[in-house]
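Q: Dropping in coords34.cif, with mmCIF, C-alpha atoms and all ligand atoms.
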data_input
#
loop_
_atom_site.label_atom_id
_atom_site.label_comp_id
_atom_site.auth_asym_id
_atom_site.auth_seq_id
_atom_site.Cartn_x
_atom_site.Cartn_y
_atom_site.Cartn_z
CA MET A 1 -18.91 14.01 -33.50
CA ALA A 2 -15.48 12.57 -34.19
CA ASP A 3 -16.07 12.99 -37.91
CA ILE A 4 -16.63 16.73 -37.60
CA LEU A 5 -13.31 17.04 -35.84
CA LYS A 6 -11.29 15.26 -38.50
CA PRO A 7 -9.76 17.48 -41.16
CA PRO A 8 -11.03 16.28 -44.52
CA THR A 9 -8.86 13.91 -46.49
CA TYR A 10 -8.43 15.31 -49.91
CA VAL A 11 -5.92 14.78 -52.69
CA SER A 12 -5.09 17.84 -54.75
CA PRO A 13 -5.67 17.35 -58.47
CA TRP A 14 -2.08 18.43 -59.19
CA ALA A 15 -0.79 15.90 -56.68
CA ARG A 16 -2.55 12.93 -58.30
CA ASP A 17 0.26 12.66 -60.81
CA ASP A 18 2.43 9.74 -59.60
CA ASP A 19 5.54 11.76 -60.01
CA VAL A 20 4.21 14.61 -57.87
CA SER A 21 3.00 12.26 -55.16
CA GLU A 22 6.52 10.80 -55.05
CA VAL A 23 7.85 14.32 -54.48
CA LEU A 24 5.32 14.81 -51.67
CA LYS A 25 6.66 11.67 -49.96
CA LEU A 26 10.28 12.62 -50.57
CA ALA A 27 9.74 16.13 -49.23
CA ARG A 28 7.83 14.85 -46.18
CA THR A 29 10.74 12.56 -45.29
CA PHE A 30 13.25 15.36 -45.86
CA PHE A 31 11.47 17.84 -43.58
CA GLU A 32 10.81 15.18 -40.93
CA ARG A 33 14.48 14.20 -40.79
CA GLU A 34 16.48 17.26 -41.72
CA VAL A 35 14.41 20.20 -40.54
CA THR A 36 11.67 19.63 -37.94
CA PRO A 37 13.97 18.13 -35.27
CA HIS A 38 16.32 21.12 -35.62
CA LEU A 39 13.82 23.99 -35.73
CA ALA A 40 14.53 25.17 -32.18
CA ARG A 41 18.28 25.22 -32.88
CA PHE A 42 17.78 27.00 -36.21
CA ALA A 43 15.72 29.61 -34.38
CA GLU A 44 18.50 30.14 -31.82
CA GLN A 45 21.21 30.51 -34.46
CA HIS A 46 18.93 32.52 -36.79
CA GLN A 47 19.73 30.32 -39.75
CA VAL A 48 19.58 26.76 -40.96
CA ASP A 49 22.85 24.83 -41.36
CA LYS A 50 24.70 24.98 -44.64
CA GLU A 51 24.34 21.16 -44.59
CA THR A 52 20.55 21.57 -44.64
CA TRP A 53 20.82 23.20 -48.06
CA LEU A 54 23.19 20.49 -49.26
CA ALA A 55 20.85 17.78 -47.93
CA ALA A 56 17.90 19.37 -49.76
CA GLY A 57 20.01 19.40 -52.91
CA ALA A 58 21.09 15.78 -52.44
CA ALA A 59 17.44 14.78 -51.97
CA GLY A 60 16.66 16.36 -55.35
CA LEU A 61 14.29 18.96 -53.88
CA LEU A 62 16.09 22.16 -54.90
CA CYS A 63 15.31 23.64 -58.33
CA ILE A 64 12.87 20.81 -58.82
CA SER A 65 11.06 22.67 -61.60
CA VAL A 66 14.28 23.57 -63.43
CA PRO A 67 15.15 21.42 -66.49
CA GLU A 68 17.52 18.51 -65.93
CA GLU A 69 20.07 19.92 -68.36
CA TYR A 70 20.74 22.64 -65.75
CA GLY A 71 20.92 20.18 -62.87
CA GLY A 72 17.27 20.61 -61.82
CA GLY A 73 14.54 18.05 -61.29
CA GLY A 74 12.87 18.61 -64.66
CA GLY A 75 9.45 19.07 -63.04
CA THR A 76 6.73 21.71 -63.16
CA PHE A 77 5.32 24.09 -60.58
CA ALA A 78 3.23 21.14 -59.32
CA HIS A 79 6.46 19.52 -58.11
CA GLU A 80 7.56 22.82 -56.59
CA ALA A 81 4.16 23.11 -54.88
CA ALA A 82 4.55 19.59 -53.47
CA VAL A 83 7.75 20.63 -51.66
CA LEU A 84 6.20 23.91 -50.47
CA TRP A 85 3.12 22.09 -49.24
CA GLU A 86 5.17 19.64 -47.19
CA GLN A 87 7.28 22.49 -45.85
CA GLY A 88 4.10 24.21 -44.65
CA ARG A 89 2.78 20.96 -43.24
CA ALA A 90 6.09 20.46 -41.40
CA GLY A 91 5.75 23.87 -39.75
CA ASP A 92 9.13 24.85 -41.19
CA ASP A 93 9.67 28.58 -41.39
CA ALA A 94 13.46 28.43 -41.43
CA LEU A 95 14.63 27.12 -44.81
CA GLY A 96 14.24 29.84 -47.45
CA TYR A 97 13.28 27.22 -50.02
CA SER A 98 10.78 29.31 -51.92
CA VAL A 99 13.11 32.30 -52.41
CA HIS A 100 15.89 30.01 -53.59
CA SER A 101 14.05 27.48 -55.70
CA SER A 102 10.71 28.98 -56.74
CA ILE A 103 11.96 32.54 -57.23
CA VAL A 104 15.70 33.13 -57.77
CA ALA A 105 16.26 29.98 -59.86
CA HIS A 106 13.37 31.04 -62.08
CA TYR A 107 14.79 34.51 -62.69
CA VAL A 108 17.97 32.84 -63.91
CA LEU A 109 16.08 30.22 -65.91
CA THR A 110 13.70 32.69 -67.55
CA TYR A 111 16.00 35.65 -68.24
CA GLY A 112 19.51 34.20 -68.02
CA SER A 113 21.73 33.54 -71.02
CA GLU A 114 22.75 29.95 -71.71
CA GLU A 115 26.12 30.67 -70.12
CA GLN A 116 24.51 32.14 -66.97
CA LYS A 117 22.16 29.17 -66.61
CA GLN A 118 25.02 26.69 -66.95
CA ARG A 119 27.11 28.67 -64.49
CA TRP A 120 24.58 29.10 -61.68
CA LEU A 121 21.70 26.64 -61.85
CA PRO A 122 23.57 23.34 -61.29
CA ARG A 123 25.19 24.76 -58.15
CA MET A 124 21.83 26.10 -56.98
CA ALA A 125 20.30 22.66 -57.51
CA SER A 126 22.99 21.01 -55.39
CA GLY A 127 22.59 23.56 -52.59
CA GLU A 128 26.18 24.72 -52.98
CA LEU A 129 25.01 28.16 -54.10
CA VAL A 130 22.08 29.62 -52.13
CA GLY A 131 19.98 32.30 -53.80
CA ALA A 132 18.52 35.55 -52.49
CA ILE A 133 16.60 38.37 -54.11
CA ALA A 134 17.29 41.94 -53.02
CA MET A 135 14.43 44.27 -53.95
CA THR A 136 13.40 46.05 -50.75
CA GLU A 137 15.34 49.06 -49.46
CA PRO A 138 15.11 50.89 -46.15
CA SER A 139 13.16 53.70 -47.80
CA THR A 140 10.99 51.70 -50.19
CA GLY A 141 9.24 48.35 -50.33
CA SER A 142 5.82 48.40 -51.95
CA ASP A 143 6.78 51.20 -54.32
CA LEU A 144 9.55 49.31 -56.09
CA GLN A 145 9.84 51.93 -58.80
CA ARG A 146 11.53 54.20 -56.26
CA ILE A 147 14.50 52.01 -55.44
CA ARG A 148 17.77 53.94 -55.13
CA THR A 149 20.48 51.29 -55.42
CA THR A 150 22.53 52.17 -58.47
CA ALA A 151 24.57 50.07 -60.89
CA ARG A 152 26.78 52.43 -62.89
CA ARG A 153 28.53 50.98 -65.90
CA GLU A 154 32.31 51.29 -65.94
CA GLY A 155 34.08 49.27 -68.63
CA ASP A 156 33.16 45.60 -68.24
CA SER A 157 31.71 46.11 -64.76
CA TYR A 158 28.73 47.55 -62.99
CA VAL A 159 29.70 49.51 -59.90
CA VAL A 160 26.90 48.87 -57.44
CA ASN A 161 26.08 51.19 -54.52
CA GLY A 162 23.15 51.08 -52.14
CA SER A 163 21.53 49.07 -49.40
CA LYS A 164 18.74 46.54 -49.12
CA THR A 165 16.80 45.33 -46.13
CA PHE A 166 14.67 42.38 -44.97
CA ILE A 167 16.53 40.06 -47.35
CA THR A 168 15.72 36.37 -46.87
CA ASN A 169 18.62 33.85 -47.04
CA SER A 170 21.10 36.65 -46.41
CA SER A 171 23.57 34.67 -44.32
CA HIS A 172 23.90 31.71 -46.65
CA ALA A 173 23.34 33.48 -49.97
CA GLY A 174 26.14 33.12 -52.49
CA LEU A 175 24.07 34.44 -55.38
CA VAL A 176 22.05 37.63 -55.02
CA VAL A 177 19.70 38.99 -57.67
CA ILE A 178 19.91 42.75 -57.09
CA VAL A 179 17.23 45.14 -58.24
CA ALA A 180 19.25 48.19 -59.22
CA ARG A 181 18.93 51.40 -61.16
CA THR A 182 20.99 51.37 -64.36
CA GLY A 183 19.09 54.21 -65.99
CA GLY A 184 16.95 57.20 -65.06
CA GLU A 185 13.97 57.54 -62.74
CA GLY A 186 10.95 55.24 -62.75
CA SER A 187 10.40 51.66 -63.82
CA LYS A 188 12.31 51.89 -67.11
CA GLY A 189 15.58 52.60 -65.30
CA ILE A 190 15.55 49.34 -63.34
CA SER A 191 17.62 46.22 -64.12
CA LEU A 192 18.32 42.89 -62.43
CA ILE A 193 21.98 42.22 -61.79
CA VAL A 194 23.28 38.96 -60.37
CA ALA A 195 26.18 39.08 -57.94
CA GLU A 196 28.24 36.13 -56.78
CA VAL A 197 28.84 37.66 -53.41
CA ASP A 198 31.16 35.31 -51.51
CA GLY A 199 34.39 37.22 -50.95
CA LEU A 200 33.24 40.04 -53.23
CA GLU A 201 34.81 43.39 -52.35
CA GLY A 202 32.24 46.03 -51.44
CA PHE A 203 29.63 43.49 -50.34
CA GLU A 204 28.56 43.44 -46.71
CA ARG A 205 26.02 41.33 -44.86
CA GLY A 206 24.41 43.47 -42.17
CA ARG A 207 23.08 42.45 -38.79
CA VAL A 208 20.57 39.61 -38.43
CA LEU A 209 17.19 41.26 -37.97
CA GLN A 210 15.23 40.31 -34.84
CA LYS A 211 11.78 39.38 -36.09
CA VAL A 212 8.40 38.60 -34.51
CA GLY A 213 8.58 35.06 -35.87
CA GLN A 214 10.44 32.93 -38.44
CA HIS A 215 13.45 33.08 -36.15
CA GLY A 216 15.30 30.33 -38.01
CA GLN A 217 15.30 32.40 -41.16
CA ASP A 218 18.43 34.45 -41.93
CA THR A 219 16.91 37.84 -42.69
CA ARG A 220 19.44 40.67 -42.89
CA GLU A 221 20.33 43.97 -44.41
CA LEU A 222 22.79 43.96 -47.31
CA ALA A 223 25.09 46.81 -48.27
CA PHE A 224 26.93 47.44 -51.53
CA THR A 225 29.81 49.94 -51.63
CA ASP A 226 31.51 50.36 -55.00
CA MET A 227 30.86 46.66 -55.49
CA ARG A 228 31.99 45.54 -58.95
CA VAL A 229 29.89 43.00 -60.82
CA PRO A 230 30.70 41.91 -64.38
CA VAL A 231 28.42 43.45 -67.01
CA ALA A 232 27.91 39.84 -68.19
CA ASN A 233 25.83 39.31 -65.01
CA LEU A 234 22.94 41.47 -66.21
CA LEU A 235 19.77 39.37 -66.49
CA GLY A 236 18.18 39.83 -69.90
CA GLU A 237 19.56 41.12 -73.15
CA GLU A 238 19.47 44.79 -72.32
CA GLU A 239 19.24 47.16 -69.40
CA GLY A 240 15.92 48.56 -68.20
CA GLN A 241 14.00 45.25 -68.25
CA GLY A 242 14.08 44.70 -64.49
CA PHE A 243 10.66 46.02 -63.57
CA TYR A 244 8.97 44.05 -66.33
CA GLN A 245 10.91 40.92 -65.27
CA LEU A 246 9.80 41.40 -61.65
CA MET A 247 6.15 41.87 -62.59
CA HIS A 248 6.30 38.75 -64.72
CA GLN A 249 7.79 36.53 -61.99
CA LEU A 250 5.92 37.85 -58.96
CA PRO A 251 2.78 35.74 -59.59
CA GLN A 252 4.80 32.56 -59.05
CA GLU A 253 6.29 34.01 -55.86
CA ARG A 254 2.80 34.88 -54.63
CA LEU A 255 1.43 31.45 -55.43
CA ALA A 256 4.38 29.86 -53.62
CA ILE A 257 3.47 31.89 -50.53
CA ALA A 258 -0.14 30.73 -50.85
CA VAL A 259 0.89 27.04 -50.95
CA GLY A 260 2.87 27.42 -47.73
CA ALA A 261 0.02 29.37 -46.14
CA VAL A 262 -2.55 26.64 -46.68
CA GLY A 263 -0.07 23.91 -45.69
CA ALA A 264 0.63 25.66 -42.38
CA ALA A 265 -3.09 26.24 -41.71
CA ASP A 266 -3.77 22.56 -42.43
CA LEU A 267 -1.12 21.60 -39.86
CA ALA A 268 -2.63 23.99 -37.29
CA VAL A 269 -6.02 22.31 -37.60
CA GLU A 270 -4.47 18.87 -37.18
CA LEU A 271 -2.58 20.00 -34.07
CA ALA A 272 -5.67 21.61 -32.55
CA VAL A 273 -7.83 18.54 -33.21
CA ALA A 274 -5.27 16.28 -31.51
CA TYR A 275 -4.86 18.62 -28.53
CA SER A 276 -8.61 19.02 -28.05
CA LYS A 277 -8.90 15.27 -27.53
CA GLU A 278 -6.07 15.09 -24.99
CA ARG A 279 -6.65 18.17 -22.85
CA GLU A 280 -9.26 17.94 -20.14
CA ALA A 281 -11.14 20.70 -18.38
CA PHE A 282 -14.08 20.37 -15.98
CA GLY A 283 -13.58 16.60 -16.07
CA ALA A 284 -13.98 16.19 -19.82
CA PRO A 285 -11.86 16.56 -22.96
CA ILE A 286 -12.12 20.12 -24.28
CA ALA A 287 -13.30 18.54 -27.55
CA SER A 288 -16.56 17.79 -25.74
CA PHE A 289 -17.40 21.52 -25.53
CA GLN A 290 -19.53 22.74 -28.36
CA ASN A 291 -17.42 25.86 -28.79
CA THR A 292 -14.28 23.78 -29.40
CA ARG A 293 -16.05 21.48 -31.83
CA PHE A 294 -17.55 24.37 -33.76
CA THR A 295 -14.22 26.16 -33.93
CA LEU A 296 -12.61 23.03 -35.35
CA ALA A 297 -15.47 22.46 -37.75
CA GLU A 298 -15.12 26.04 -38.99
CA VAL A 299 -11.35 26.07 -39.38
CA SER A 300 -11.31 22.68 -41.13
CA THR A 301 -13.90 24.09 -43.56
CA ASP A 302 -11.81 27.22 -44.10
CA VAL A 303 -8.74 25.13 -44.87
CA LEU A 304 -10.63 22.89 -47.27
CA ALA A 305 -12.04 25.91 -49.10
CA ALA A 306 -8.60 27.52 -49.24
CA ARG A 307 -7.10 24.31 -50.49
CA THR A 308 -9.58 23.93 -53.32
CA PHE A 309 -8.95 27.51 -54.44
CA LEU A 310 -5.22 26.94 -54.15
CA ASP A 311 -5.41 23.76 -56.21
CA TRP A 312 -7.30 25.60 -58.90
CA CYS A 313 -4.60 28.28 -59.00
CA VAL A 314 -1.76 25.74 -59.05
CA GLY A 315 -3.53 23.91 -61.87
CA LEU A 316 -3.87 27.18 -63.82
CA HIS A 317 -0.22 28.03 -63.26
CA VAL A 318 0.96 24.61 -64.42
CA GLU A 319 -1.00 25.27 -67.63
CA GLY A 320 0.58 28.74 -67.90
CA ARG A 321 -2.78 30.48 -67.41
CA LEU A 322 -2.48 32.06 -63.95
CA ASP A 323 -2.78 35.82 -64.32
CA ALA A 324 -1.33 38.40 -61.94
CA ALA A 325 -4.71 39.32 -60.41
CA THR A 326 -5.61 35.71 -59.60
CA ALA A 327 -2.16 35.10 -58.09
CA SER A 328 -2.75 38.20 -55.95
CA ARG A 329 -6.12 36.84 -54.87
CA ALA A 330 -4.48 33.56 -53.88
CA LYS A 331 -1.74 35.35 -51.93
CA TYR A 332 -3.89 37.76 -49.97
CA TRP A 333 -6.80 35.48 -49.27
CA THR A 334 -4.91 32.33 -48.25
CA THR A 335 -2.55 34.28 -45.99
CA ASP A 336 -5.54 35.96 -44.34
CA VAL A 337 -7.08 32.50 -43.87
CA GLN A 338 -3.78 31.19 -42.52
CA CYS A 339 -3.52 33.90 -39.86
CA ASP A 340 -7.15 33.59 -38.86
CA VAL A 341 -7.17 29.77 -38.72
CA ILE A 342 -3.92 29.59 -36.75
CA ASP A 343 -5.16 32.22 -34.29
CA ARG A 344 -8.35 30.26 -33.65
CA CYS A 345 -6.44 26.98 -33.35
CA LEU A 346 -4.05 28.59 -30.88
CA GLN A 347 -7.01 29.55 -28.69
CA VAL A 348 -7.85 25.85 -28.35
CA PHE A 349 -4.47 25.37 -26.64
CA GLY A 350 -5.16 27.98 -23.96
CA GLY A 351 -1.93 29.17 -22.29
CA TYR A 352 0.14 26.41 -23.87
CA GLY A 353 -0.65 27.96 -27.24
CA TYR A 354 1.37 30.98 -26.21
CA MET A 355 4.46 28.94 -25.34
CA LEU A 356 7.07 28.78 -28.08
CA GLU A 357 7.86 25.15 -27.30
CA TYR A 358 4.44 24.34 -28.77
CA PRO A 359 4.50 24.29 -32.59
CA ILE A 360 1.17 26.17 -32.71
CA ALA A 361 2.87 29.20 -31.13
CA ARG A 362 5.64 29.16 -33.75
CA LEU A 363 3.04 28.82 -36.48
CA TYR A 364 1.24 31.86 -35.07
CA ALA A 365 4.37 34.04 -34.91
CA GLY A 366 5.60 32.87 -38.31
CA ALA A 367 2.30 33.44 -40.09
CA ARG A 368 1.98 37.17 -39.58
CA VAL A 369 4.59 38.20 -42.10
CA GLN A 370 2.88 36.25 -44.85
CA LYS A 371 0.44 39.17 -45.19
CA ILE A 372 3.39 41.53 -45.64
CA TYR A 373 6.11 40.08 -47.87
CA GLY A 374 5.79 39.12 -51.52
CA GLY A 375 3.75 42.31 -51.88
CA THR A 376 1.53 43.35 -48.98
CA ASN A 377 -2.07 42.17 -48.96
CA GLU A 378 -3.16 45.78 -49.53
CA ILE A 379 -1.03 45.93 -52.68
CA MET A 380 -2.61 42.60 -53.75
CA LYS A 381 -6.05 44.22 -53.49
CA GLU A 382 -4.82 47.21 -55.50
CA LEU A 383 -3.66 44.87 -58.26
CA ILE A 384 -6.91 42.90 -58.21
CA SER A 385 -9.05 46.03 -58.29
CA ARG A 386 -7.15 47.35 -61.31
CA SER A 387 -8.06 44.19 -63.22
CA LEU A 388 -11.80 44.57 -62.59
C1 LIG B 1 10.55 38.51 -42.90
C2 LIG B 1 10.63 39.29 -44.17
C3 LIG B 1 11.27 38.73 -45.27
C4 LIG B 1 11.39 39.47 -46.44
N1 LIG B 1 12.13 38.97 -47.50
C5 LIG B 1 12.42 39.77 -48.55
C6 LIG B 1 13.34 39.36 -49.56
O1 LIG B 1 13.88 38.23 -49.54
N2 LIG B 1 13.63 40.23 -50.56
C7 LIG B 1 13.07 41.47 -50.63
O2 LIG B 1 13.39 42.22 -51.55
N3 LIG B 1 12.17 41.89 -49.70
C8 LIG B 1 11.85 41.07 -48.65
N4 LIG B 1 10.97 41.50 -47.68
C9 LIG B 1 10.39 42.82 -47.81
C10 LIG B 1 8.90 42.83 -48.11
O3 LIG B 1 8.65 42.39 -49.40
C11 LIG B 1 8.41 44.25 -47.83
O4 LIG B 1 8.45 44.44 -46.43
C12 LIG B 1 7.02 44.50 -48.37
O5 LIG B 1 7.03 44.51 -49.78
C13 LIG B 1 6.42 45.83 -47.86
O6 LIG B 1 7.30 46.88 -48.04
P1 LIG B 1 7.61 47.87 -46.81
O7 LIG B 1 8.01 47.02 -45.67
O8 LIG B 1 8.56 48.90 -47.27
O9 LIG B 1 6.22 48.53 -46.46
P2 LIG B 1 5.55 49.91 -47.12
O10 LIG B 1 5.70 49.77 -48.58
O11 LIG B 1 6.26 51.04 -46.44
O12 LIG B 1 4.10 49.76 -46.65
C14 LIG B 1 3.64 50.16 -45.36
C15 LIG B 1 2.12 49.98 -45.30
O13 LIG B 1 1.50 50.82 -46.29
C16 LIG B 1 0.68 50.05 -47.13
N5 LIG B 1 0.72 50.57 -48.49
C17 LIG B 1 1.82 50.95 -49.21
N6 LIG B 1 1.45 51.35 -50.42
C18 LIG B 1 0.10 51.22 -50.49
C19 LIG B 1 -0.88 51.48 -51.50
N7 LIG B 1 -0.54 51.94 -52.72
N8 LIG B 1 -2.16 51.25 -51.21
C20 LIG B 1 -2.52 50.77 -50.01
N9 LIG B 1 -1.66 50.50 -49.02
C21 LIG B 1 -0.36 50.73 -49.25
C22 LIG B 1 1.26 48.64 -47.10
O14 LIG B 1 0.29 47.68 -47.47
C23 LIG B 1 1.67 48.56 -45.63
O15 LIG B 1 0.57 48.20 -44.86
C24 LIG B 1 10.80 40.75 -46.54
C25 LIG B 1 10.10 41.27 -45.43
C26 LIG B 1 10.03 40.57 -44.27
C27 LIG B 1 9.33 41.21 -43.10
#
Could you rewrite the structure in this file as structure tokens?
A:
Amino acid sequence: MADILKPPTYVSPWARDDDVSEVLKLARTFFEREVTPHLARFAEQHQVDKETWLAAGAAGLLCISVPEEYGGGGGTFAHEAAVLWEQGRAGDDALGYSVHSSIVAHYVLTYGSEEQKQRWLPRMASGELVGAIAMTEPSTGSDLQRIRTTARREGDSYVVNGSKTFITNSSHAGLVVIVARTGGEGSKGISLIVAEVDGLEGFERGRVLQKVGQHGQDTRELAFTDMRVPVANLLGEEEGQGFYQLMHQLPQERLAIAVGAVGAADLAVELAVAYSKEREAFGAPIASFQNTRFTLAEVSTDVLAARTFLDWCVGLHVEGRLDAATASRAKYWTTDVQCDVIDRCLQVFGGYGYMLEYPIARLYAGARVQKIYGGTNEIMKELISRSL
């Protein structure tokens, strides 16, 4: 029976590369030392420490898939996935690594001018400059074409007005990619404008939002009132490219969410297996009950299946072949699996599973939003269905 209860040992094809397996080890050590022991404190203060970002930078984990000439690690998305995997496996839902490294850095890398890349990426790689992306507004999330934040051109500046909500990394962010309207209605009027926000007049960080989970994450509202940003901070050569740029980058964001989802589900299974062997009821370990064993057999199968699909998608993305529909499949399906697996693992813990001092409870609370951000799972199905 013991074999059924063990999660399968499996090495992802993308992680067989020596370099990537080194990153896995490096990231594991980083999360073990710098994050996991502090998760309860991060949750209380609703943010990680600034030093956590600097430590991640010093360890070489930030902007790991950005070329070395811009201060990055010179890797591929496989290296990025290695960090995200270990973050999921560490049960860390506080450090906004993916927004900073997998998303914001790649907007700058892909659409930035040489000058912009030189100016921002090295400081992002060191952790000195933390990145955030501000798309969602109080009145619109899924329907991004309806955003109302405006960036009106006045001389050498954009004058930005509007508000954003649910923005990850909001407390620490020094660099915010703002989705703003530079032109008329609809998708063609949208541009991406980068603001260096520390001390910037007209920029305000709103209250920290009280969430169901991910309490260590600094999620806030942001407000812009006649905030002046140099015209030179537009991403791309001309205005009106923002919507296209977003659509092009969102698959990587969705895949990054999927990596963390499977990593967290894998951890949940490991925790439940261990607990089932320790906890006794009716004079025997709960692992001796068929229901417990079958639950663990099922969830370990779910995680293995999710992991193989994930590996396939990561492999495709590294080769530049991951399309938007497949990234959407990965995002919606793995996050559904994550929520389901963690819920079933929590049940194995009985009442202790509902206590926040148990990591399984934090995994449960943190997982729910994975079906919502990065494009809701319903929107993912819309995108997939359009491709059929
Ligand atoms: C913790 C957290 C962190 C976040 N971080 C960021 C961030 O860093 N930056 C950022 O810009 N945003 C961020 N978001 C916002 C997130 O991306 C949005 O919440 C998400 O895109 C959904 O938008 P909404 O909340 O406005 O929901 P709505 O768009 O109002 O959707 C409400 C419901 O309607 C459904 N729905 C909407 N349209 C359709 C449709 N066409 N077909 C079927 N169903 C539909 C949705 O699936 C959902 O169930 C974050 C959110 C959370 C909760």
Q: Report as lines of an AutoDock Vina configuration file the centre and the edge lengths, in Å to one decimal, of the axis-aligned box holding every listed atom of region 49-66 of chain A, padded by 3 Å on each side.
A:
center_x = 17.9
center_y = 19.9
center_z = -52.4
size_x = 19.6
size_y = 16.2
size_z = 28.1
Q: Using only C-alpha atoms and all ligand atoms, find each residue of chain A with at least one atom at most 7 Å away from an atom of ligand LIG 1 (chain B); report its shortest atom-to-atom pair and that distance in Å (one decimal), sort the rows by chain and rising residue number, and return the result as JSON lines.
A:
{"residue": "A:Val99", "atom": "CA", "partner": "B:LIG1", "partner_atom": "O1", "distance": 6.6}
{"residue": "A:Ala132", "atom": "CA", "partner": "B:LIG1", "partner_atom": "O1", "distance": 6.1}
{"residue": "A:Ile133", "atom": "CA", "partner": "B:LIG1", "partner_atom": "N2", "distance": 5.0}
{"residue": "A:Ala134", "atom": "CA", "partner": "B:LIG1", "partner_atom": "O2", "distance": 4.2}
{"residue": "A:Met135", "atom": "CA", "partner": "B:LIG1", "partner_atom": "O2", "distance": 3.3}
{"residue": "A:Thr136", "atom": "CA", "partner": "B:LIG1", "partner_atom": "O2", "distance": 3.9}
{"residue": "A:Pro138", "atom": "CA", "partner": "B:LIG1", "partner_atom": "O8", "distance": 6.9}
{"residue": "A:Ser139", "atom": "CA", "partner": "B:LIG1", "partner_atom": "O8", "distance": 6.7}
{"residue": "A:Thr140", "atom": "CA", "partner": "B:LIG1", "partner_atom": "O8", "distance": 4.7}
{"residue": "A:Gly141", "atom": "CA", "partner": "B:LIG1", "partner_atom": "O8", "distance": 3.2}
{"residue": "A:Ser142", "atom": "CA", "partner": "B:LIG1", "partner_atom": "O10", "distance": 3.6}
{"residue": "A:Asp143", "atom": "CA", "partner": "B:LIG1", "partner_atom": "O10", "distance": 6.0}
{"residue": "A:Thr165", "atom": "CA", "partner": "B:LIG1", "partner_atom": "N3", "distance": 6.8}
{"residue": "A:Phe166", "atom": "CA", "partner": "B:LIG1", "partner_atom": "C24", "distance": 4.5}
{"residue": "A:Ile167", "atom": "CA", "partner": "B:LIG1", "partner_atom": "O1", "distance": 3.9}
{"residue": "A:Thr168", "atom": "CA", "partner": "B:LIG1", "partner_atom": "O1", "distance": 3.7}
{"residue": "A:Asn169", "atom": "CA", "partner": "B:LIG1", "partner_atom": "O1", "distance": 6.9}
{"residue": "A:Lys211", "atom": "CA", "partner": "B:LIG1", "partner_atom": "C1", "distance": 7.0}
{"residue": "A:Thr219", "atom": "CA", "partner": "B:LIG1", "partner_atom": "C3", "distance": 6.3}
{"residue": "A:Val369", "atom": "CA", "partner": "B:LIG1", "partner_atom": "C27", "distance": 5.7}
{"residue": "A:Ile372", "atom": "CA", "partner": "B:LIG1", "partner_atom": "C12", "distance": 5.4}
{"residue": "A:Tyr373", "atom": "CA", "partner": "B:LIG1", "partner_atom": "O3", "distance": 3.8}
{"residue": "A:Gly374", "atom": "CA", "partner": "B:LIG1", "partner_atom": "O3", "distance": 4.8}
{"residue": "A:Gly375", "atom": "CA", "partner": "B:LIG1", "partner_atom": "O5", "distance": 4.5}
{"residue": "A:Thr376", "atom": "CA", "partner": "B:LIG1", "partner_atom": "O14", "distance": 4.8}
{"residue": "A:Asn377", "atom": "CA", "partner": "B:LIG1", "partner_atom": "O14", "distance": 6.2}
{"residue": "A:Glu378", "atom": "CA", "partner": "B:LIG1", "partner_atom": "O14", "distance": 4.4}
{"residue": "A:Ile379", "atom": "CA", "partner": "B:LIG1", "partner_atom": "N8", "distance": 5.6}
{"residue": "A:Glu382", "atom": "CA", "partner": "B:LIG1", "partner_atom": "N8", "distance": 6.5}
Q: Quote the spacing between CA of Gly320 (chain A) and CA of Arg181 (chain A) in Å to one decimal place.
A: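 Atom-to-atom, CA of Gly320 (chain A) to CA of Arg181 (chain A), that is 29.9 Å.
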Q: For Asp92 (chain A), list every protein, DNA or RNA residue within 7 Å, evaluated using all atoms listed in the file, and leave out those in the same chain fewer than 4 positions away; present the list as a short mmCIF file (atom, residue, chain, number, x, y, z; two decimals) with C-alpha atoms, in the frame of the given file.
A:
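Wrote it out as around-v2.cif, contents follow:
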data_model
loop_
_atom_site.label_atom_id
_atom_site.label_comp_id
_atom_site.auth_asym_id
_atom_site.auth_seq_id
_atom_site.Cartn_x
_atom_site.Cartn_y
_atom_site.Cartn_z
CA THR A 36 11.67 19.63 -37.94
CA GLN A 87 7.28 22.49 -45.85
CA GLY A 88 4.10 24.21 -44.65
#
Q: Could you check which of A:Ser65, A:Thr225, A:Gln214, A:Ser113 is closest to Arg152 (chain A), using all atoms listed in the file?
A: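 Checking each of A:Ser65, A:Thr225, A:Gln214, A:Ser113 against Arg152 (chain A), counting all atoms listed in the file, the winner is A:Thr225.
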